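Q: Just one file: query-v8.txt, with compact mmCIF, C-alpha atoms.
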# COMPACT_ATOMS: atom_id res chain seq x y z
CA MET X 286 -92.11 -45.58 47.04
CA THR X 287 -95.67 -45.95 45.94
CA GLY X 288 -98.35 -48.56 45.93
CA ASN X 289 -99.27 -51.25 48.38
CA PRO X 290 -97.22 -54.34 49.04
CA PRO X 291 -98.95 -57.52 47.90
CA PRO X 292 -101.33 -58.91 50.52
CA GLY X 293 -99.72 -61.09 53.11
CA GLU X 294 -96.18 -60.48 51.98
CA PRO X 295 -93.56 -58.55 53.89
CA PRO X 296 -92.75 -55.28 52.18
CA ASP X 297 -89.29 -56.40 51.11
CA VAL X 298 -87.92 -56.72 47.64
CA GLU X 299 -85.78 -59.85 47.22
CA GLY X 300 -82.51 -58.00 46.73
CA GLU X 301 -83.20 -55.54 49.49
CA ARG X 302 -83.94 -58.42 51.84
CA SER X 303 -80.52 -59.89 51.19
CA ASP X 304 -78.90 -56.51 51.70
CA ASP X 305 -81.07 -55.90 54.78
CA THR X 306 -79.55 -59.00 56.36
CA LEU X 307 -76.05 -57.56 55.97
CA MET X 308 -77.09 -54.08 57.13
CA THR X 309 -78.87 -55.59 60.14
CA GLU X 310 -75.74 -57.55 61.10
CA ARG X 311 -73.64 -54.42 60.81
CA ALA X 312 -76.11 -52.30 62.77
CA ALA X 313 -76.27 -54.95 65.50
CA GLU X 314 -72.50 -54.54 65.83
CA GLY X 315 -72.89 -50.80 66.30
CA ASP X 316 -72.52 -49.51 62.72
CA GLU X 317 -74.85 -46.52 62.73
CA ASP X 318 -74.32 -45.88 59.02
CA ALA X 319 -75.76 -49.31 58.26
CA PHE X 320 -78.68 -48.51 60.54
CA ALA X 321 -79.21 -45.24 58.66
CA VAL X 322 -79.53 -47.29 55.45
CA LEU X 323 -82.22 -49.42 57.09
CA VAL X 324 -84.06 -46.39 58.44
CA ARG X 325 -83.99 -44.71 55.04
CA ARG X 326 -85.20 -47.87 53.34
CA HIS X 327 -88.04 -48.71 55.74
CA ALA X 328 -89.21 -45.36 57.14
CA PRO X 329 -91.60 -44.42 54.28
CA ALA X 330 -93.57 -47.69 54.44
CA LEU X 331 -93.61 -47.70 58.24
CA LEU X 332 -94.80 -44.09 58.36
CA ARG X 333 -97.58 -44.97 55.95
CA LEU X 334 -98.51 -47.96 58.11
CA ALA X 335 -98.56 -45.95 61.34
CA THR X 336 -100.51 -43.12 59.74
CA ARG X 337 -103.15 -45.62 58.63
CA LEU X 338 -103.28 -47.22 62.06
CA LEU X 339 -103.47 -43.96 64.00
CA GLY X 340 -105.05 -41.56 61.51
CA ASP X 341 -102.67 -38.87 62.68
CA ARG X 342 -99.35 -38.03 61.05
CA ALA X 343 -97.67 -36.49 64.10
CA GLU X 344 -98.55 -39.44 66.32
CA ALA X 345 -97.45 -41.78 63.56
CA GLU X 346 -94.02 -40.11 63.39
CA ASP X 347 -93.65 -40.44 67.16
CA ALA X 348 -94.56 -44.12 67.06
CA VAL X 349 -92.17 -44.93 64.19
CA GLN X 350 -89.33 -42.89 65.72
CA GLU X 351 -89.71 -44.70 69.05
CA ALA X 352 -89.84 -48.01 67.20
CA PHE X 353 -86.58 -47.29 65.35
CA VAL X 354 -84.77 -46.07 68.47
CA GLY X 355 -86.01 -49.14 70.36
CA ALA X 356 -84.82 -51.33 67.50
CA TRP X 357 -81.36 -49.74 67.56
CA ARG X 358 -81.13 -50.52 71.28
CA SER X 359 -82.27 -54.10 70.97
CA LEU X 360 -80.46 -54.98 67.73
CA PRO X 361 -77.54 -56.65 69.56
CA GLU X 362 -80.06 -59.22 70.82
CA PHE X 363 -81.91 -59.49 67.49
CA GLN X 364 -81.68 -63.13 66.46
CA GLY X 365 -82.57 -62.55 62.84
CA ARG X 366 -85.41 -65.09 62.90
CA SER X 367 -87.45 -62.69 60.78
CA SER X 368 -86.35 -60.03 58.35
CA PHE X 369 -85.67 -56.50 59.61
CA GLY X 370 -88.75 -55.29 57.70
CA THR X 371 -91.07 -57.85 59.29
CA TRP X 372 -89.57 -57.19 62.72
CA MET X 373 -90.10 -53.43 62.38
CA TYR X 374 -93.63 -53.91 61.02
CA ARG X 375 -94.45 -55.83 64.19
CA ILE X 376 -92.82 -53.28 66.51
CA VAL X 377 -94.60 -50.36 64.85
CA THR X 378 -97.98 -52.14 64.88
CA ASN X 379 -97.72 -52.93 68.56
CA ARG X 380 -96.55 -49.42 69.39
CA CYS X 381 -99.56 -48.02 67.54
CA LEU X 382 -101.81 -50.40 69.46
CA ASN X 383 -100.43 -48.96 72.70
CA THR X 384 -100.91 -45.42 71.39
CA LEU X 385 -104.56 -46.17 70.59
CA ARG X 386 -105.07 -47.74 74.02
CA ALA X 387 -103.59 -44.69 75.72
CA ARG X 388 -105.81 -42.45 73.62
CA ARG X 389 -109.05 -44.12 74.65
CA PRO X 390 -109.84 -42.19 77.84
CA GLN X 391 -110.00 -39.01 75.76
CA ALA X 392 -112.59 -40.47 73.39
CA PRO X 393 -116.01 -38.87 73.66
CA LEU X 394 -118.01 -40.50 76.41
CA ASN X 395 -121.06 -40.85 74.25
CA GLU X 396 -119.20 -43.29 71.99
CA LEU X 397 -118.85 -46.57 73.74
CA PRO X 398 -117.19 -48.93 71.29
CA ASP X 399 -117.51 -51.99 73.48
CA LEU X 400 -121.28 -51.96 73.41
CA PRO X 401 -122.58 -54.46 70.87
CA ALA X 402 -123.62 -52.80 67.65
CA PRO X 403 -127.37 -52.53 67.15
CA ALA X 404 -128.84 -55.43 65.22
CA TYR X 405 -127.60 -55.23 61.66
CA THR X 406 -130.84 -56.19 59.93
CA THR X 407 -132.92 -53.83 62.02
CA ALA X 408 -130.59 -50.81 61.73
CA PRO X 409 -132.88 -48.02 60.62
CA ASP X 410 -130.42 -46.30 58.31
CA ARG X 411 -128.25 -48.24 55.98
CA ILE X 412 -125.37 -46.67 54.15
CA THR X 413 -126.89 -44.66 51.36
CA GLU X 414 -125.48 -43.91 47.96
CA GLY X 415 -124.11 -40.62 49.16
CA ARG X 416 -120.48 -40.70 50.21
CA ALA X 417 -119.72 -39.98 53.84
CA ALA X 418 -117.27 -37.16 54.38
CA LEU X 419 -113.77 -38.23 55.26
CA HIS X 420 -114.07 -36.90 58.76
CA ASP X 421 -117.13 -39.09 59.22
CA VAL X 422 -115.00 -42.09 58.36
CA GLN X 423 -112.38 -40.94 60.85
CA GLU X 424 -115.07 -40.48 63.47
CA ALA X 425 -116.40 -43.94 62.78
CA LEU X 426 -112.90 -45.40 63.09
CA SER X 427 -112.50 -43.76 66.49
CA THR X 428 -115.46 -45.77 67.78
CA LEU X 429 -113.61 -49.04 67.22
CA SER X 430 -111.67 -50.67 70.02
CA PRO X 431 -107.88 -50.36 69.52
CA GLU X 432 -107.67 -54.10 68.82
CA GLN X 433 -110.45 -53.97 66.23
CA ARG X 434 -108.98 -50.93 64.58
CA ILE X 435 -105.52 -52.46 64.25
CA CYS X 436 -106.81 -55.72 62.76
CA TRP X 437 -109.27 -54.00 60.43
CA THR X 438 -106.67 -51.49 59.18
CA LEU X 439 -104.05 -54.14 58.48
CA ARG X 440 -106.66 -56.18 56.61
CA THR X 441 -108.54 -53.50 54.69
CA LEU X 442 -106.07 -50.67 54.15
CA ASP X 443 -102.76 -52.50 54.27
CA GLY X 444 -104.13 -55.55 52.44
CA ARG X 445 -102.55 -58.15 54.75
CA SER X 446 -103.66 -61.77 55.05
CA TYR X 447 -105.40 -62.94 58.20
CA ALA X 448 -102.46 -65.26 58.90
CA PHE X 449 -99.97 -62.39 58.60
CA ILE X 450 -102.02 -60.18 60.94
CA ALA X 451 -102.35 -63.01 63.47
CA LYS X 452 -98.58 -63.41 63.55
CA THR X 453 -97.97 -59.67 63.73
CA VAL X 454 -100.40 -59.01 66.57
CA GLY X 455 -99.75 -62.31 68.35
CA ILE X 456 -103.29 -63.67 68.44
CA SER X 457 -105.07 -66.51 66.63
CA GLU X 458 -106.27 -66.14 63.06
CA GLN X 459 -109.80 -66.80 64.27
CA ALA X 460 -109.52 -63.91 66.73
CA VAL X 461 -108.32 -61.64 63.91
CA ARG X 462 -111.30 -62.64 61.76
CA ALA X 463 -113.66 -61.93 64.64
CA ARG X 464 -112.15 -58.49 65.23
CA VAL X 465 -112.25 -57.55 61.56
CA PHE X 466 -115.86 -58.71 61.34
CA ARG X 467 -116.91 -56.68 64.38
CA ALA X 468 -115.08 -53.64 63.05
CA ARG X 469 -116.88 -53.93 59.71
CA ARG X 470 -120.21 -54.34 61.42
CA GLN X 471 -119.59 -51.33 63.64
CA LEU X 472 -118.37 -49.20 60.73
CA THR X 473 -121.19 -50.06 58.34
CA HIS X 474 -123.62 -49.23 61.09
CA SER X 475 -121.90 -45.99 62.16
CA LEU X 476 -121.56 -44.65 58.66
CA GLY X 477 -125.04 -45.74 57.67
CA ALA X 478 -126.59 -44.13 60.73
CA TRP X 479 -124.98 -40.78 60.04
CA GLN X 480 -126.51 -40.15 56.66
CA MET W 111 -121.29 -75.83 51.54
CA ASN W 112 -120.70 -72.27 52.65
CA ASN W 113 -124.09 -72.01 54.20
CA PRO W 114 -123.82 -73.08 57.84
CA PRO W 115 -127.07 -73.47 59.74
CA PRO W 116 -127.86 -70.63 62.17
CA GLU W 117 -127.00 -72.70 65.23
CA THR W 118 -123.27 -72.74 64.25
CA ARG W 119 -123.04 -69.08 65.20
CA THR W 120 -120.14 -68.74 67.63
CA ASP W 121 -119.64 -64.98 67.78
CA PRO W 122 -122.30 -63.27 69.91
CA ASP W 123 -121.91 -60.21 67.69
CA ASP W 124 -122.70 -62.21 64.59
CA GLU W 125 -126.12 -62.05 63.11
CA THR W 126 -128.39 -64.35 61.20
CA LEU W 127 -129.89 -62.63 58.19
CA PRO W 128 -133.61 -63.20 57.49
CA CYS W 129 -132.59 -65.72 54.80
CA GLY W 130 -130.86 -67.85 57.43
CA ARG W 131 -127.28 -67.07 56.49
CA LEU W 132 -124.78 -65.64 58.91
CA LEU W 133 -123.68 -62.09 58.20
CA SER W 134 -120.06 -63.07 58.96
CA GLN W 135 -120.25 -65.87 56.39
CA VAL W 136 -121.76 -63.65 53.71
CA TRP W 137 -118.98 -61.11 54.18
CA ALA W 138 -116.30 -63.80 54.32
CA ASP W 139 -117.59 -65.29 51.05
CA TRP W 140 -117.51 -61.84 49.46
CA GLU W 141 -113.95 -61.29 50.65
CA GLU W 142 -112.77 -64.65 49.35
CA GLY W 143 -114.63 -64.33 46.08
CA VAL W 144 -116.97 -67.24 46.82
CA HIS W 145 -120.20 -67.03 44.81
CA ASP W 146 -123.21 -69.28 44.88
CA GLU W 147 -126.71 -69.20 43.54
CA HIS W 148 -128.26 -68.16 46.82
CA THR W 149 -126.09 -65.08 47.28
CA ALA W 150 -126.71 -64.00 43.71
CA GLN W 151 -130.47 -64.11 44.17
CA CYS W 152 -131.01 -63.32 47.85
CA ALA W 153 -131.94 -59.69 48.49
CA HIS W 154 -130.70 -59.84 52.09
CA CYS W 155 -127.30 -61.18 51.16
CA ARG W 156 -126.91 -58.69 48.32
CA LEU W 157 -127.81 -55.82 50.60
CA ALA W 158 -125.26 -56.96 53.18
CA VAL W 159 -122.56 -57.22 50.51
CA ALA W 160 -123.49 -53.83 49.07
CA ASP W 161 -123.07 -52.21 52.49
CA LEU W 162 -119.64 -53.72 52.94
CA GLU W 163 -118.60 -52.69 49.42
CA ARG W 164 -119.63 -49.10 50.14
CA LEU W 165 -117.69 -49.13 53.38
CA GLU W 166 -114.58 -50.37 51.59
CA SER W 167 -114.82 -47.69 48.91
CA GLN W 168 -115.34 -44.98 51.53
CA VAL W 169 -112.28 -45.95 53.53
CA ARG W 170 -110.19 -46.23 50.40
CA ALA W 171 -111.10 -42.63 49.68
CA LEU W 172 -109.83 -41.81 53.16
CA ASP W 173 -106.62 -43.70 52.53
CA SER W 174 -105.91 -41.71 49.37
CA ASP W 175 -106.47 -38.43 51.18
CA PRO W 176 -103.25 -36.47 50.49
CA ALA W 177 -103.25 -35.14 54.05
CA GLN W 178 -102.78 -38.72 55.21
CA GLN W 179 -99.80 -39.44 53.00
CA PRO W 180 -96.26 -38.94 54.22
CA VAL W 181 -94.85 -36.27 51.94
CA ASP W 182 -91.18 -36.09 52.75
CA ALA W 183 -89.53 -38.59 55.03
CA ALA W 184 -86.07 -36.95 54.85
CA SER W 185 -86.36 -34.71 57.90
CA PHE W 186 -87.97 -37.53 59.82
CA ILE W 187 -85.06 -39.85 59.03
CA ASP W 188 -82.59 -37.16 60.15
CA ARG W 189 -84.44 -36.84 63.43
CA VAL W 190 -84.32 -40.57 64.07
CA MET W 191 -80.61 -40.72 63.32
CA ASP W 192 -79.92 -37.72 65.57
CA VAL W 193 -81.37 -39.71 68.48
CA VAL W 194 -79.54 -42.88 67.46
CA ARG W 195 -76.20 -41.04 67.31
CA LEU W 196 -76.66 -40.02 70.94
CA GLU W 197 -76.56 -43.71 71.78
CA LEU W 198 -73.61 -45.03 69.82
CA ARG W 199 -72.10 -48.42 70.56
CA PRO W 200 -68.45 -47.98 69.54
CA GLY W 201 -67.35 -51.31 71.01
CA ARG W 202 -64.10 -52.01 72.84
CA PRO W 203 -60.75 -50.35 72.26
CA LEU W 204 -58.35 -52.68 70.42
CA PRO W 205 -54.56 -52.47 70.64
CA LEU W 206 -52.69 -51.03 67.66
CA GLY W 207 -49.05 -51.18 66.71
CA GLU W 208 -46.38 -52.87 68.80
CA ALA W 209 -46.96 -54.37 72.23
CA ASP W 210 -45.14 -51.50 73.99
CA GLU W 211 -47.11 -48.83 72.15
CA ASP W 212 -50.16 -47.45 73.87
CA LEU W 213 -52.34 -47.03 70.82
CA ARG W 214 -55.95 -48.06 70.58
CA ILE W 215 -58.64 -48.13 67.92
CA MET W 216 -62.32 -48.54 68.63
CA GLU W 217 -63.68 -51.91 67.55
CA ASN W 218 -66.38 -50.31 65.40
CA VAL W 219 -63.99 -48.16 63.42
CA ALA W 220 -61.69 -51.10 62.75
CA ALA W 221 -64.62 -53.33 61.74
CA ARG W 222 -65.90 -50.72 59.31
CA THR W 223 -62.49 -50.38 57.67
CA LEU W 224 -62.14 -54.15 57.30
CA ARG W 225 -65.64 -54.50 55.81
CA GLN W 226 -64.74 -51.84 53.27
CA ALA W 227 -61.56 -53.74 52.45
CA ALA W 228 -63.55 -56.93 51.83
CA GLU W 229 -65.93 -55.01 49.58
CA GLU W 230 -63.04 -53.87 47.42
CA VAL W 231 -63.19 -57.39 45.99
CA PRO W 232 -65.73 -57.09 43.13
CA GLY W 233 -69.23 -58.34 43.96
CA VAL W 234 -68.53 -58.91 47.65
CA ARG W 235 -70.84 -57.46 50.30
CA ALA W 236 -69.80 -57.58 53.94
CA GLY W 237 -72.06 -58.03 56.96
CA SER W 238 -70.97 -59.04 60.42
CA CYS W 239 -67.32 -58.33 61.28
CA ARG W 240 -66.43 -59.46 64.77
CA LEU W 241 -63.04 -58.71 66.25
CA THR W 242 -61.73 -60.63 69.23
CA LEU W 243 -58.47 -60.39 71.08
CA ALA W 244 -56.37 -63.51 70.55
CA ASP W 245 -54.46 -64.92 73.45
CA ALA W 246 -50.96 -65.22 72.02
CA PRO W 247 -47.48 -64.61 73.40
CA GLY W 248 -45.52 -61.56 72.30
CA GLY W 249 -48.40 -59.25 71.61
CA THR W 250 -52.14 -59.23 71.29
CA PRO W 251 -53.21 -60.05 67.74
CA VAL W 252 -56.82 -59.62 66.85
CA ASN W 253 -58.89 -62.39 65.29
CA VAL W 254 -61.42 -61.45 62.61
CA ASP W 255 -64.69 -63.25 61.93
CA LEU W 256 -66.21 -61.79 58.78
CA SER W 257 -69.43 -62.82 57.03
CA VAL W 258 -69.95 -61.94 53.38
CA HIS W 259 -72.36 -62.36 50.50
CA VAL W 260 -70.67 -63.22 47.21
CA PRO W 261 -71.98 -63.44 43.64
CA LEU W 262 -73.77 -66.65 42.67
CA THR W 263 -71.61 -66.72 39.55
CA THR W 264 -68.34 -66.90 41.47
CA PRO W 265 -66.32 -69.62 39.68
CA ASP W 266 -64.09 -70.48 42.65
CA VAL W 267 -65.55 -69.56 46.02
CA GLN W 268 -62.49 -70.69 47.95
CA ALA W 269 -60.20 -68.52 45.84
CA LEU W 270 -62.54 -65.59 46.39
CA ALA W 271 -62.50 -66.19 50.15
CA GLN W 272 -58.72 -66.19 50.04
CA GLU W 273 -58.72 -62.93 48.09
CA ILE W 274 -60.99 -61.37 50.74
CA ARG W 275 -58.72 -62.69 53.50
CA ASP W 276 -55.65 -61.21 51.80
CA ARG W 277 -57.33 -57.85 51.24
CA VAL W 278 -58.49 -57.66 54.87
CA GLY W 279 -55.06 -58.68 56.16
CA VAL W 280 -53.22 -56.09 54.06
CA THR W 281 -55.65 -53.31 55.00
CA ALA W 282 -55.45 -54.14 58.70
CA HIS W 283 -51.68 -54.04 58.57
CA GLU W 284 -51.07 -51.11 56.24
CA ARG W 285 -53.99 -48.81 56.89
CA LEU W 286 -54.62 -49.48 60.58
CA GLY W 287 -51.42 -51.00 61.91
CA LEU W 288 -53.54 -53.74 63.46
CA HIS W 289 -51.92 -57.12 64.05
CA LEU W 290 -54.32 -59.78 62.88
CA GLY W 291 -54.35 -63.37 64.04
CA GLU W 292 -56.85 -65.58 62.27
CA ILE W 293 -59.05 -64.18 59.53
CA ASP W 294 -62.18 -66.27 59.27
CA VAL W 295 -64.30 -65.50 56.21
CA ARG W 296 -67.81 -67.00 56.25
CA ILE W 297 -69.83 -66.93 53.06
CA THR W 298 -73.41 -66.63 54.29
CA ASP W 299 -75.15 -66.19 50.93
CA LEU W 300 -74.62 -66.55 47.21
CA VAL W 301 -76.42 -63.65 45.60
CA SER W 302 -77.67 -63.48 42.03
CA GLU W 303 -76.72 -60.42 40.01
CA ASP W 304 -80.33 -59.23 39.86
CA GLU W 305 -80.37 -59.04 43.64
CA ASP W 306 -77.06 -57.28 43.65
CA GLU W 307 -78.44 -54.59 41.38
CA ALA W 308 -81.48 -54.19 43.62
CA ALA W 309 -79.21 -53.62 46.58
CA PRO W 310 -77.00 -50.63 45.91
CA ARG W 311 -73.75 -50.39 47.77
CA SER W 312 -75.34 -48.00 50.14
CA ALA W 313 -73.61 -48.74 53.44
CA GLN W 314 -71.48 -45.65 53.12
CA GLU W 315 -74.38 -43.34 52.30
CA GLY W 316 -74.77 -42.37 55.92
CA SER W 317 -71.25 -41.02 56.20
CA ALA W 318 -71.50 -38.91 53.07
CA PRO W 319 -71.81 -35.18 53.75
Could I get this file's structure written as C-alpha cells?
A:
Amino acid sequence: MTGNPPPGEPPDVEGERSDDTLMTERAAEGDEDAFAVLVRRHAPALLRLATRLLGDRAEAEDAVQEAFVGAWRSLPEFQGRSSFGTWMYRIVTNRCLNTLRARRPQAPLNELPDLPAPAYTTAPDRITEGRAALHDVQEALSTLSPEQRICWTLRTLDGRSYAFIAKTVGISEQAVRARVFRARRQLTHSLGAWQ
Amino acid sequence: MNNPPPETRTDPDDETLPCGRLLSQVWADWEEGVHDEHTAQCAHCRLAVADLERLESQVRALDSDPAQQPVDAASFIDRVMDVVRLELRPGRPLPLGEADEDLRIMENVAARTLRQAAEEVPGVRAGSCRLTLADAPGGTPVNVDLSVHVPLTTPDVQALAQEIRDRVGVTAHERLGLHLGEIDVRITDLVSEDEDEAAPRSAQEGSAP
C-alpha cells in the first residue's frame, strides 16, 4: 500500500468497506481468522499513522498492537456506528496521544513547549533557504505539546480535514485549528532559530 | 472579506502582522487557496506564507525518510495475532446428535462452518452467524440467524435466500450432525460486482498454513 488517503476521507476502499463490515461482524462473534483479515488489511496504514504521530517505529508498533488487542476485546460491544477503519484510526490516534503525554517528563527541561512562542514578526532568525536536517525537524516536533503534535500531524502529514480531526480527537474544529496554528508557529520559529 | 480587523483576534498566541492582518488568517488563506490583491503585494504576508511553505516542505522530507516507513508488516501482524489467539472467544458448547448423546461443538466452530456453507452459493458473503438454543420438546434444536451480502445483480433475492437456507441446513445436518430449528437469513447489503472484486474471499486466509 502506498500513497496517502485523500484528505478527510477514511482510508477505506468502497469494496473493502463492505467486506470490513462482514469481517467485523464475524470477529465480534469470536472469529479470529476474520480478525486476522482486518489486521492484515489495516495494519500498514495504522503503522504509518502511528509512526508519523510518534516519530518512532518501535513505539508506533507498541501503540498499534495495543490498539488491535484492545479492539479484539471490545469488538463484542462494537456497535458498528463507524467503519472498522475509522474506529481503529481513532483508537490508534488516542493511544499515541497518551504515549506522547507519558513521554513528556523525559523531554529536555530547557524546552518548555507551553511557553508562548516569541513574537513571530520580531523573531531574529527566520527560516533560511537552507534545509534543516531531519533530526532538527524531529527536535522541533518534540517541543510541541502532545495535543498540538497530534492535530498538526493529522493535518499536515496525514492530510486530514479539520472536521475529521475534530471528530477523531473529540474536540471542536475551532480547537483543532488553534492547535494546528500554534504548532505551525512554534515549528517555523524553532526551525528558523536553529539556522 | 478575509481581512478581519486586528481587534477580532481571539487566540492570545495569534499575532497581528505589521500590515494589520492576523498571522492565523494569512496562513488559513494560504491553506485554503484564498488569494487577494493584498496578500499578493504585501511583503509581510508573503514572508509569512514563505515561512510556512518552507516548513511544510521540510516536514514532507521527514515524512519520506525511509527510516520512518514501515518496511514489512508481516512479522508485526503475526505478533498481534499471537496475542489475540491467547484470548479466544470460542462461545458456548452446542449439543450435537441425538438428545441422549453427550456430544458438543463450540459455537464458533459451528458458526464458521455454516458461514462457509452459505458462501458456497455463488456471490454470497457471510457476516454475522448467531446460534441460539431453541426451546423445543424432544431435543434441543439450534436456531440460526445469518446475515449475508449478496450480488446486486441477483434476479430473485428470495430464491437466493432459500438456496442459502437449504445449503446451511444440509451442511449443519450432514457435516456437523447439528439439529437446526429456524434458519433466518438476513440480507444486509446488495453488493455490486466491482465491490466484490475489491473484496477477495479472504476470510479463510488466516487458517491457511
Q: Expressed in Å to a single decimal, how great is the separation between atom CA of W:Asp121 and atom CA of W:Arg156?
A: 21.7 Å
Q: If we count only C-alpha atoms, what is near stretch 207-221 of chain W at a cut-off of 12 Å, once residues fewer than 2 positions away on the same chain are taken out, given as an NGL selection string?
A: (:X and (310-319)) or (:W and (198-205 or 223-228 or 236-243 or 246-257 or 278 or 281-290))
Q: Report, in Å to a single decimal, how far apart atom CA of W:Leu300 and atom CA of W:Pro261 are.
A: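 It comes out at 5.4 Å.
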Q: Of the candidates W:Val136, W:Val260, W:Val194, W:Ala153, which shows the shortest atom-to-atom distance to chain X, using only C-alpha atoms?
A: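 For chain X, the nearest of the candidates is W:Val194.
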Q: Write out as a ChimeraX atom specification which residues come within 12 Å of W:Ala183 when counting only C-alpha atoms, dropping same-chain ones fewer than 6 positions away.
A: /X:286,324-333,342,346,349-350 /W:189-190
Q: Between atom CA of W:Ala244 and atom CA of W:Glu273, measure the distance and give it in Å to one decimal.
A: 22.6 Å
Q: Step by step: start from the point (-102.0, -42.8, 73.5) in the file's coordinates, keep every protein, DNA or RNA residue that has an atom no farther than 12 Å from it, count only C-alpha atoms, and write the set as number ranges by chain.
A: X: 339, 341, 344-345, 347-348, 380-392, 431
Q: So, with only C-alpha atoms as the atoms that count, which of X:Asp443, X:Gln364, X:Gly370, X:Val422 lies closest to chain W?
A: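 Of all the options, X:Val422 lies closest to chain W.
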Q: Could you tell me which of X:Met373, X:Cys436, X:Ala460, X:Ile450 comes closest to chain W if we count only C-alpha atoms?
A: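 Using only C-alpha atoms, the shortest distance to chain W belongs to X:Ala460.
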Q: Can you tell me which residues surround W:Glu141 at a distance of at most 10 Å, considering all atoms listed in the file, apart from same-chain residues fewer than 5 positions away, and format the answer as a list of chain:residue names?
A: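 Counting all atoms listed in the file, the residues come to W:Gln135, W:Val136, W:Val159, W:Leu162, W:Glu163.
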Q: Nearest to chain X: which of W:Thr298, W:Ala160, W:Leu172, W:Leu132 is it, counting all atoms listed in the file?
A: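 Looking only at the distances to chain X, the closest residue turns out to be W:Leu172.
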Q: Find the spatial neighbours of W:Leu127, counting all atoms listed in the file, within a cut-off of 8 Å - ignore same-chain residues fewer than 4 positions away - and output them as a list in words.
A: Thr406 of chain X; Arg131, Leu132, Leu133, His154 and Cys155 of chain W
